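Visitor: Before I ask anything, let me first share the structure, which is written out below as structure tokens.
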Amino acid sequence: MSDPDRRAVVVAGHTGDVATARTGLEASDGAVRSAALGALDRLGDLTDADLHAALGDPDSRVRRRAAEIAATHPDVDLVDSLRDHDARVVEVAAWACGEQESNRDEIVESLIALAAEATDALVREAAVASLGAIGDDRAIEVIIAACSDKPAVRRRAVLALAPFDGDEVEATIDRALGDRDWQVRQAAEDLRRAQRA
């Protein structure tokens, strides 16, 4: 039997055709496998086992899509995805960990390491944002450090301080109010406004 094409799989996700969508998971083309994940998710027929398998797919497009969908599947473990060799997969996995709000040691420690050491700024930004969403006190130091990173990372880091308090946190927000980047200043102002509300 020949592979379904990507369009057929996408359409299947909108027409209730679970069989065609599921056939797409076995397609030779990674783009079709990625589309099949989305179609099955839309149909409510995507299992955690499907996602676990897709997170190990040889095609990074499939791994990235699986990590994205895993954001709404809290039982899907993303630790290995945080160590993927493709930075785009790591970025999405880091974001998804924040959506899952998992404070498992391995997740928090991996995100802290990424926020501090990842060479890709988008990965650092996603890791910092997720650490703020998780709100684990172990992350305060790396989030404060990220407030001195590139502008996009600084913006995320300032907002990631929202669940935390303490003198060092307040001093960091005060510094951000005078940041050279207007969006960082705006993030700090928004945070201050929320604190007063």
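In the structure tokens, chains take letters A, B, ... by order of appearance, with residues numbered from 1 within each chain and ligands from 1 in the order shown.
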Would you mind listing what lies within 10 Å of Ile173 in chain A as a PyMOL selection string, with only C-alpha atoms counted and same-chain residues fewer than 5 positions away left out?
Guide: chain A and resi 144+147+157-159+161-162+167-168+178-179+184-185+187-189+191-192
Visitor: Next, dump the selected residues to file, keeping only all heavy atoms, as a short mmCIF file (atom, residue, chain, number, x, y, z; two decimals), in the first residue's frame.
Guide:
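Saved the output as out_16.cif:
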```cif
data_model
loop_
_atom_site.label_atom_id
_atom_site.label_comp_id
_atom_site.auth_asym_id
_atom_site.auth_seq_id
_atom_site.Cartn_x
_atom_site.Cartn_y
_atom_site.Cartn_z
N ILE A 144 17.40 35.40 36.92
CA ILE A 144 17.99 36.72 37.17
C ILE A 144 19.19 36.93 36.24
O ILE A 144 19.35 38.01 35.65
CB ILE A 144 18.38 36.87 38.65
CG1 ILE A 144 17.11 37.04 39.50
CG2 ILE A 144 19.33 38.05 38.86
CD1 ILE A 144 17.33 37.02 40.99
N CYS A 147 18.34 38.00 32.78
CA CYS A 147 17.92 39.40 32.64
C CYS A 147 19.07 40.28 32.12
O CYS A 147 18.89 41.48 31.90
CB CYS A 147 17.39 39.94 33.97
SG CYS A 147 15.79 39.24 34.43
N ALA A 157 12.83 36.79 30.55
CA ALA A 157 13.34 36.59 31.91
C ALA A 157 12.64 37.51 32.91
O ALA A 157 12.30 37.09 34.01
CB ALA A 157 14.85 36.80 31.93
N VAL A 158 12.43 38.75 32.51
CA VAL A 158 11.74 39.68 33.41
C VAL A 158 10.34 39.15 33.72
O VAL A 158 9.92 39.09 34.88
CB VAL A 158 11.66 41.09 32.79
CG1 VAL A 158 10.70 41.98 33.56
CG2 VAL A 158 13.06 41.72 32.76
N LEU A 159 9.62 38.73 32.70
CA LEU A 159 8.28 38.19 32.93
C LEU A 159 8.32 36.89 33.74
O LEU A 159 7.40 36.60 34.50
CB LEU A 159 7.58 37.96 31.58
CG LEU A 159 7.27 39.23 30.80
CD1 LEU A 159 6.76 38.89 29.41
CD2 LEU A 159 6.28 40.10 31.54
N LEU A 161 10.06 36.30 36.19
CA LEU A 161 10.23 36.60 37.61
C LEU A 161 8.89 36.72 38.35
O LEU A 161 8.86 36.78 39.58
CB LEU A 161 11.02 37.91 37.79
CG LEU A 161 12.49 37.85 37.40
CD1 LEU A 161 13.09 39.26 37.42
CD2 LEU A 161 13.26 36.93 38.33
N ALA A 162 7.79 36.74 37.62
CA ALA A 162 6.47 36.98 38.21
C ALA A 162 6.14 36.10 39.43
O ALA A 162 5.62 36.61 40.42
CB ALA A 162 5.39 36.84 37.15
N ASP A 167 14.39 40.34 47.74
CA ASP A 167 15.12 41.57 47.44
C ASP A 167 15.83 41.51 46.09
O ASP A 167 15.83 42.48 45.33
CB ASP A 167 16.15 41.86 48.54
CG ASP A 167 15.48 42.22 49.87
OD1 ASP A 167 14.28 42.54 49.86
OD2 ASP A 167 16.17 42.16 50.91
N GLU A 168 16.46 40.37 45.78
CA GLU A 168 17.21 40.27 44.52
C GLU A 168 16.26 40.32 43.32
O GLU A 168 16.58 40.93 42.30
CB GLU A 168 18.03 38.97 44.51
CG GLU A 168 19.09 38.97 43.43
CD GLU A 168 20.02 37.77 43.52
OE1 GLU A 168 19.81 36.89 44.37
OE2 GLU A 168 20.96 37.71 42.70
N GLY A 178 14.88 50.33 33.71
CA GLY A 178 15.77 51.27 33.03
C GLY A 178 16.53 50.62 31.89
O GLY A 178 17.52 51.18 31.40
N ASP A 179 16.10 49.44 31.43
CA ASP A 179 16.80 48.72 30.36
C ASP A 179 16.82 49.54 29.07
O ASP A 179 15.90 50.32 28.81
CB ASP A 179 16.10 47.37 30.11
CG ASP A 179 16.95 46.42 29.28
OD1 ASP A 179 16.90 46.51 28.03
OD2 ASP A 179 17.66 45.59 29.88
N VAL A 184 11.83 45.39 27.08
CA VAL A 184 12.23 44.91 28.41
C VAL A 184 11.65 45.85 29.46
O VAL A 184 11.10 45.39 30.48
CB VAL A 184 13.77 44.82 28.53
CG1 VAL A 184 14.17 44.43 29.96
CG2 VAL A 184 14.34 43.82 27.53
N ARG A 185 11.76 47.15 29.21
CA ARG A 185 11.18 48.12 30.15
C ARG A 185 9.68 47.90 30.28
O ARG A 185 9.13 47.95 31.39
CB ARG A 185 11.47 49.56 29.70
CG ARG A 185 12.94 49.95 29.71
CD ARG A 185 13.13 51.45 29.58
NE ARG A 185 12.52 52.02 28.41
CZ ARG A 185 13.10 52.11 27.20
NH1 ARG A 185 14.33 51.62 27.02
NH2 ARG A 185 12.47 52.66 26.19
N ALA A 187 8.01 45.13 29.79
CA ALA A 187 7.76 43.89 30.55
C ALA A 187 7.89 44.16 32.05
O ALA A 187 7.07 43.68 32.85
CB ALA A 187 8.74 42.80 30.11
N ALA A 188 8.90 44.93 32.43
CA ALA A 188 9.09 45.25 33.84
C ALA A 188 7.94 46.11 34.37
O ALA A 188 7.45 45.89 35.49
CB ALA A 188 10.42 45.97 34.04
N GLU A 189 7.48 47.07 33.55
CA GLU A 189 6.35 47.90 33.96
C GLU A 189 5.09 47.06 34.12
O GLU A 189 4.31 47.25 35.06
CB GLU A 189 6.13 49.02 32.94
CG GLU A 189 7.21 50.09 32.97
CD GLU A 189 7.17 51.01 31.75
OE1 GLU A 189 6.16 50.96 31.00
OE2 GLU A 189 8.13 51.77 31.56
N LEU A 191 4.94 43.94 34.86
CA LEU A 191 5.10 43.13 36.07
C LEU A 191 4.82 43.95 37.33
O LEU A 191 4.12 43.50 38.24
CB LEU A 191 6.53 42.55 36.11
CG LEU A 191 6.82 41.44 37.11
CD1 LEU A 191 5.81 40.32 37.00
CD2 LEU A 191 8.22 40.90 36.85
N ARG A 192 5.33 45.16 37.36
CA ARG A 192 5.07 46.04 38.49
C ARG A 192 3.56 46.34 38.62
O ARG A 192 3.00 46.35 39.71
CB ARG A 192 5.83 47.36 38.33
CG ARG A 192 7.29 47.28 38.73
CD ARG A 192 7.41 47.25 40.25
NE ARG A 192 8.79 47.29 40.65
CZ ARG A 192 9.44 46.31 41.24
NH1 ARG A 192 8.83 45.17 41.48
NH2 ARG A 192 10.69 46.44 41.58
#
```
Visitor: Taking 2 positions as the minimum chain separation for residues in the same chain, which residues sit within 8 Å of Val76 in chain A when counting only C-alpha atoms? Answer as a ChimeraX atom specification.
Guide: /A:48,51-52,70,73-74,78
Visitor: Please produce a file of those selected residues containing N, CA, C and O atoms, as a PDB file, in the first residue's frame.
Guide:
```
ATOM      1  N   ASP A  48      -0.431   8.811  24.085  1.00  0.00           N
ATOM      2  CA  ASP A  48       0.894   9.129  24.617  1.00  0.00           C
ATOM      3  C   ASP A  48       1.947   8.217  24.003  1.00  0.00           C
ATOM      4  O   ASP A  48       3.079   8.642  23.752  1.00  0.00           O
ATOM      5  N   LEU A  51       3.047   9.604  20.774  1.00  0.00           N
ATOM      6  CA  LEU A  51       3.963  10.731  20.971  1.00  0.00           C
ATOM      7  C   LEU A  51       5.347  10.255  21.391  1.00  0.00           C
ATOM      8  O   LEU A  51       6.355  10.769  20.896  1.00  0.00           O
ATOM      9  N   HIS A  52       5.410   9.293  22.285  1.00  0.00           N
ATOM     10  CA  HIS A  52       6.713   8.753  22.705  1.00  0.00           C
ATOM     11  C   HIS A  52       7.481   8.243  21.489  1.00  0.00           C
ATOM     12  O   HIS A  52       8.680   8.506  21.333  1.00  0.00           O
ATOM     13  N   ALA A  70       3.005  17.503  22.810  1.00  0.00           N
ATOM     14  CA  ALA A  70       3.200  16.986  24.176  1.00  0.00           C
ATOM     15  C   ALA A  70       2.900  18.037  25.242  1.00  0.00           C
ATOM     16  O   ALA A  70       2.687  17.701  26.405  1.00  0.00           O
ATOM     17  N   HIS A  73      -0.060  16.970  26.836  1.00  0.00           N
ATOM     18  CA  HIS A  73      -0.012  15.571  27.273  1.00  0.00           C
ATOM     19  C   HIS A  73       0.985  15.477  28.425  1.00  0.00           C
ATOM     20  O   HIS A  73       2.148  15.111  28.225  1.00  0.00           O
ATOM     21  N   PRO A  74       0.566  15.812  29.637  1.00  0.00           N
ATOM     22  CA  PRO A  74       1.502  15.925  30.761  1.00  0.00           C
ATOM     23  C   PRO A  74       2.230  14.636  31.138  1.00  0.00           C
ATOM     24  O   PRO A  74       3.245  14.690  31.824  1.00  0.00           O
ATOM     25  N   LEU A  78       9.558  14.654  28.399  1.00  0.00           N
ATOM     26  CA  LEU A  78      10.309  15.429  27.411  1.00  0.00           C
ATOM     27  C   LEU A  78      11.790  15.586  27.752  1.00  0.00           C
ATOM     28  O   LEU A  78      12.498  16.340  27.089  1.00  0.00           O
TER      29      LEU A  78
END
```
Visitor: Extract, using only C-alpha atoms, all DNA, RNA and protein residues at most 9 Å from range 126-141 of chain A, discarding same-chain residues fewer than 4 positions from it, and format them as a PyMOL selection string.
Guide: chain A and resi 90-103+108-116+121-122+145-146+153+156-157+159-164+169
Visitor: Could you take the residues named above and write them with N, CA and C atoms, as a compact mmCIF listing (two decimals), in the first residue's frame?
Guide:
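Heads up, here's the output in part39.txt:
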```txt
# COMPACT_ATOMS: atom_id res chain seq x y z
N VAL A 90 14.72 21.22 20.67
CA VAL A 90 14.97 21.58 22.07
C VAL A 90 14.13 22.80 22.46
N GLU A 91 14.08 23.79 21.58
CA GLU A 91 13.30 25.01 21.87
C GLU A 91 11.83 24.67 22.13
N VAL A 92 11.25 23.87 21.24
CA VAL A 92 9.83 23.52 21.39
C VAL A 92 9.62 22.66 22.62
N ALA A 93 10.53 21.74 22.87
CA ALA A 93 10.42 20.88 24.06
C ALA A 93 10.50 21.71 25.33
N ALA A 94 11.40 22.68 25.35
CA ALA A 94 11.52 23.55 26.52
C ALA A 94 10.23 24.31 26.76
N TRP A 95 9.66 24.85 25.69
CA TRP A 95 8.38 25.55 25.81
C TRP A 95 7.30 24.60 26.34
N ALA A 96 7.24 23.39 25.79
CA ALA A 96 6.22 22.42 26.18
C ALA A 96 6.34 22.03 27.65
N CYS A 97 7.55 21.98 28.16
CA CYS A 97 7.74 21.67 29.59
C CYS A 97 7.07 22.73 30.46
N GLY A 98 7.13 23.96 30.04
CA GLY A 98 6.45 25.03 30.78
C GLY A 98 4.95 24.89 30.72
N GLU A 99 4.45 24.46 29.56
CA GLU A 99 3.01 24.24 29.44
C GLU A 99 2.57 23.08 30.32
N GLN A 100 3.41 22.07 30.43
CA GLN A 100 3.10 20.92 31.30
C GLN A 100 3.22 21.30 32.78
N GLU A 101 3.97 22.35 33.05
CA GLU A 101 4.23 22.82 34.42
C GLU A 101 4.79 21.71 35.31
N SER A 102 5.68 20.93 34.72
CA SER A 102 6.30 19.83 35.48
C SER A 102 7.48 20.36 36.30
N ASN A 103 7.47 20.07 37.60
CA ASN A 103 8.61 20.48 38.42
C ASN A 103 9.48 19.28 38.81
N VAL A 108 13.43 20.42 35.61
CA VAL A 108 13.88 21.72 36.11
C VAL A 108 15.39 21.87 35.93
N GLU A 109 16.15 20.85 36.26
CA GLU A 109 17.61 20.94 36.13
C GLU A 109 18.03 21.07 34.68
N SER A 110 17.35 20.37 33.78
CA SER A 110 17.67 20.49 32.35
C SER A 110 17.35 21.88 31.83
N LEU A 111 16.21 22.42 32.24
CA LEU A 111 15.84 23.77 31.81
C LEU A 111 16.80 24.82 32.36
N ILE A 112 17.22 24.64 33.60
CA ILE A 112 18.20 25.57 34.18
C ILE A 112 19.50 25.54 33.38
N ALA A 113 19.94 24.34 33.04
CA ALA A 113 21.18 24.20 32.25
C ALA A 113 21.02 24.86 30.89
N LEU A 114 19.88 24.65 30.25
CA LEU A 114 19.65 25.26 28.93
C LEU A 114 19.60 26.78 29.02
N ALA A 115 18.92 27.30 30.04
CA ALA A 115 18.81 28.75 30.20
C ALA A 115 20.18 29.39 30.40
N ALA A 116 21.07 28.66 31.03
CA ALA A 116 22.41 29.20 31.32
C ALA A 116 23.41 28.94 30.21
N ALA A 121 19.95 31.35 21.30
CA ALA A 121 19.20 32.29 22.13
C ALA A 121 17.72 31.91 22.24
N LEU A 122 17.15 31.32 21.19
CA LEU A 122 15.75 30.92 21.25
C LEU A 122 15.55 29.81 22.27
N ALA A 145 20.02 35.91 36.07
CA ALA A 145 21.16 36.02 35.16
C ALA A 145 20.70 36.29 33.73
N ALA A 146 19.59 35.67 33.34
CA ALA A 146 19.07 35.84 31.97
C ALA A 146 18.57 37.26 31.73
N VAL A 153 15.66 37.51 25.24
CA VAL A 153 15.78 36.66 26.43
C VAL A 153 15.51 37.49 27.68
N ARG A 156 11.76 37.90 28.25
CA ARG A 156 11.17 36.68 28.81
C ARG A 156 11.58 36.50 30.28
N ALA A 157 12.83 36.79 30.55
CA ALA A 157 13.34 36.59 31.91
C ALA A 157 12.64 37.51 32.91
N LEU A 159 9.62 38.73 32.70
CA LEU A 159 8.28 38.19 32.93
C LEU A 159 8.32 36.89 33.74
N ALA A 160 9.41 36.12 33.57
CA ALA A 160 9.55 34.85 34.30
C ALA A 160 9.75 35.07 35.79
N LEU A 161 10.06 36.30 36.19
CA LEU A 161 10.23 36.60 37.61
C LEU A 161 8.89 36.72 38.35
N ALA A 162 7.79 36.74 37.62
CA ALA A 162 6.47 36.98 38.21
C ALA A 162 6.14 36.10 39.43
N PRO A 163 6.44 34.80 39.40
CA PRO A 163 6.04 33.99 40.57
C PRO A 163 6.98 34.08 41.76
N PHE A 164 8.05 34.85 41.62
CA PHE A 164 9.07 34.89 42.67
C PHE A 164 9.05 36.22 43.42
N VAL A 169 15.10 39.71 43.47
CA VAL A 169 14.10 39.75 42.40
C VAL A 169 13.64 41.20 42.19
```
Visitor: Using only C-alpha atoms, which protein or nucleic acid residues come within 12 Å of Arg7 in chain A? Drop anything in the same chain fewer than 6 positions from it, and give the result as a PyMOL selection string.
Guide: chain A and resi 13-14+20-21+24+31-36+39
Visitor: Just the number, please: distance in Å from CA of Val79 in chain A to CA of Ala53 in chain A, one decimal.
Guide: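 Interatomic distance here is 14.1 Å.
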Visitor: Quick one, how far is CA of Arg42 in chain A from CA of Asp57 in chain A?
Guide: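 Distance reported for this atom pair: 20.3 Å.
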Visitor: From a backbone DSSP assignment, name each residue in range 13-133 of chain A labelled helix (DSSP H, G or I), as a count of residues only.
Guide: 90
Visitor: Given only C-alpha atoms as the basis, pick out the residue of A:Leu46, A:Asp5, A:Val89, A:Arg180 nearest to Ala67 in chain A.
Guide: A:Val89
Visitor: May I ask for the distance between CA of Arg104 in chain A and CA of Glu117 in chain A, given in Å to one decimal place?
Guide: 19.9 Å
Visitor: Out of A:Gly30, A:Gly44, A:Pro4, A:Pro58, which residue has the shortest atom-to-atom distance to Val18 in chain A when counting only C-alpha atoms?
Guide: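 Among the listed residues, A:Gly44 lies closest to Val18 in chain A.
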